[in-house]
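Engineer: Before I ask anything, let me first share the structure, which is written out below as structure tokens.
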Amino acid sequence: MGKAKQVVVEPDPRQQSFIQPEPTLLQKLTAKRDELAGRLDNGAARIEEARAKGKDVQEWEDYWIRLLRHYEDVRDRVIEIEKEAGKA
């Protein structure tokens, strides 16, 4: 019996474009911050529309404030990471 031949398979370069590196924490938080900013803008517009129609918007405003606090937390974390990266 002979030795088994070892086969080395090279990656197909056509598939390389589909392989994306895992986003960094900063990239994830930046995307989340941007998503939350969009939701806040959308929510503010909807609240104003509903208020103009005479609807009770207190629950919407309460939720919007919670969303704003979450946005602020994420934004502050992004700023913190960017400052840390600048020190390196």
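Chain labels follow the order of the structure tokens: the first chain is A, the next B, and so on; residue numbering restarts at 1 in every chain, and ligands are counted from 1 in their shown order.
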For region 58-72 of chain A, list every protein, DNA or RNA residue within 12 Å, evaluated using only C-alpha atoms, and leave out those in the same chain fewer than 5 positions away; present the list as a ChimeraX atom specification.
Structural biologist: /A:29-51,77-79
Engineer: Could you dump the residues just selected with N, CA and C atoms as a PDB file, in the first residue's frame?
Structural biologist:
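Contents of part-v2.pdb, as written:
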ATOM      1  N   LEU A  29     -21.812  49.174  16.885  1.00  0.00           N
ATOM      2  CA  LEU A  29     -22.426  50.246  17.665  1.00  0.00           C
ATOM      3  C   LEU A  29     -22.765  51.455  16.798  1.00  0.00           C
ATOM      4  N   THR A  30     -21.918  51.758  15.830  1.00  0.00           N
ATOM      5  CA  THR A  30     -22.194  52.869  14.924  1.00  0.00           C
ATOM      6  C   THR A  30     -23.449  52.589  14.103  1.00  0.00           C
ATOM      7  N   ALA A  31     -23.582  51.364  13.624  1.00  0.00           N
ATOM      8  CA  ALA A  31     -24.782  50.985  12.868  1.00  0.00           C
ATOM      9  C   ALA A  31     -26.020  51.076  13.756  1.00  0.00           C
ATOM     10  N   LYS A  32     -25.907  50.623  15.001  1.00  0.00           N
ATOM     11  CA  LYS A  32     -27.032  50.687  15.935  1.00  0.00           C
ATOM     12  C   LYS A  32     -27.398  52.135  16.230  1.00  0.00           C
ATOM     13  N   ARG A  33     -26.380  52.972  16.436  1.00  0.00           N
ATOM     14  CA  ARG A  33     -26.625  54.400  16.684  1.00  0.00           C
ATOM     15  C   ARG A  33     -27.386  55.030  15.524  1.00  0.00           C
ATOM     16  N   ASP A  34     -26.955  54.728  14.304  1.00  0.00           N
ATOM     17  CA  ASP A  34     -27.602  55.285  13.122  1.00  0.00           C
ATOM     18  C   ASP A  34     -29.033  54.776  12.980  1.00  0.00           C
ATOM     19  N   GLU A  35     -29.237  53.492  13.277  1.00  0.00           N
ATOM     20  CA  GLU A  35     -30.590  52.923  13.227  1.00  0.00           C
ATOM     21  C   GLU A  35     -31.493  53.623  14.240  1.00  0.00           C
ATOM     22  N   LEU A  36     -30.997  53.799  15.445  1.00  0.00           N
ATOM     23  CA  LEU A  36     -31.789  54.451  16.491  1.00  0.00           C
ATOM     24  C   LEU A  36     -32.094  55.901  16.129  1.00  0.00           C
ATOM     25  N   ALA A  37     -31.137  56.597  15.526  1.00  0.00           N
ATOM     26  CA  ALA A  37     -31.367  57.982  15.107  1.00  0.00           C
ATOM     27  C   ALA A  37     -32.507  58.043  14.093  1.00  0.00           C
ATOM     28  N   GLY A  38     -32.524  57.111  13.162  1.00  0.00           N
ATOM     29  CA  GLY A  38     -33.607  57.055  12.182  1.00  0.00           C
ATOM     30  C   GLY A  38     -34.954  56.776  12.828  1.00  0.00           C
ATOM     31  N   ARG A  39     -34.962  55.852  13.784  1.00  0.00           N
ATOM     32  CA  ARG A  39     -36.203  55.528  14.494  1.00  0.00           C
ATOM     33  C   ARG A  39     -36.694  56.722  15.305  1.00  0.00           C
ATOM     34  N   LEU A  40     -35.765  57.458  15.905  1.00  0.00           N
ATOM     35  CA  LEU A  40     -36.155  58.652  16.661  1.00  0.00           C
ATOM     36  C   LEU A  40     -36.767  59.704  15.742  1.00  0.00           C
ATOM     37  N   ASP A  41     -36.147  59.930  14.600  1.00  0.00           N
ATOM     38  CA  ASP A  41     -36.690  60.902  13.644  1.00  0.00           C
ATOM     39  C   ASP A  41     -38.080  60.494  13.180  1.00  0.00           C
ATOM     40  N   ASN A  42     -38.213  59.219  12.821  1.00  0.00           N
ATOM     41  CA  ASN A  42     -39.498  58.696  12.364  1.00  0.00           C
ATOM     42  C   ASN A  42     -40.546  58.819  13.467  1.00  0.00           C
ATOM     43  N   GLY A  43     -40.164  58.430  14.677  1.00  0.00           N
ATOM     44  CA  GLY A  43     -41.095  58.489  15.801  1.00  0.00           C
ATOM     45  C   GLY A  43     -41.542  59.900  16.110  1.00  0.00           C
ATOM     46  N   ALA A  44     -40.610  60.849  16.072  1.00  0.00           N
ATOM     47  CA  ALA A  44     -40.958  62.244  16.342  1.00  0.00           C
ATOM     48  C   ALA A  44     -41.971  62.750  15.317  1.00  0.00           C
ATOM     49  N   ALA A  45     -41.762  62.403  14.062  1.00  0.00           N
ATOM     50  CA  ALA A  45     -42.693  62.827  13.011  1.00  0.00           C
ATOM     51  C   ALA A  45     -44.074  62.215  13.226  1.00  0.00           C
ATOM     52  N   ARG A  46     -44.121  60.936  13.575  1.00  0.00           N
ATOM     53  CA  ARG A  46     -45.412  60.277  13.805  1.00  0.00           C
ATOM     54  C   ARG A  46     -46.128  60.850  15.023  1.00  0.00           C
ATOM     55  N   ILE A  47     -45.363  61.159  16.057  1.00  0.00           N
ATOM     56  CA  ILE A  47     -45.966  61.749  17.255  1.00  0.00           C
ATOM     57  C   ILE A  47     -46.581  63.103  16.910  1.00  0.00           C
ATOM     58  N   GLU A  48     -45.856  63.913  16.166  1.00  0.00           N
ATOM     59  CA  GLU A  48     -46.379  65.231  15.788  1.00  0.00           C
ATOM     60  C   GLU A  48     -47.619  65.111  14.907  1.00  0.00           C
ATOM     61  N   GLU A  49     -47.617  64.154  13.981  1.00  0.00           N
ATOM     62  CA  GLU A  49     -48.796  63.939  13.129  1.00  0.00           C
ATOM     63  C   GLU A  49     -50.001  63.536  13.968  1.00  0.00           C
ATOM     64  N   ALA A  50     -49.776  62.604  14.892  1.00  0.00           N
ATOM     65  CA  ALA A  50     -50.873  62.134  15.744  1.00  0.00           C
ATOM     66  C   ALA A  50     -51.369  63.258  16.648  1.00  0.00           C
ATOM     67  N   ARG A  51     -50.445  64.040  17.193  1.00  0.00           N
ATOM     68  CA  ARG A  51     -50.838  65.161  18.054  1.00  0.00           C
ATOM     69  C   ARG A  51     -51.675  66.166  17.265  1.00  0.00           C
ATOM     70  N   ARG A  77     -21.082  55.371  24.013  1.00  0.00           N
ATOM     71  CA  ARG A  77     -20.142  54.242  23.902  1.00  0.00           C
ATOM     72  C   ARG A  77     -19.302  54.371  22.630  1.00  0.00           C
ATOM     73  N   VAL A  78     -19.935  54.800  21.533  1.00  0.00           N
ATOM     74  CA  VAL A  78     -19.199  55.025  20.280  1.00  0.00           C
ATOM     75  C   VAL A  78     -18.128  56.088  20.499  1.00  0.00           C
ATOM     76  N   ILE A  79     -18.497  57.176  21.148  1.00  0.00           N
ATOM     77  CA  ILE A  79     -17.541  58.258  21.414  1.00  0.00           C
ATOM     78  C   ILE A  79     -16.390  57.748  22.271  1.00  0.00           C
TER      79      ILE A  79
END
Engineer: CA of Asp73 (chain A) and CA of Leu25 (chain A) are how many Å apart?
Structural biologist: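 Value for the CA of Asp73 (chain A)-CA of Leu25 (chain A) distance: 14.3 Å.
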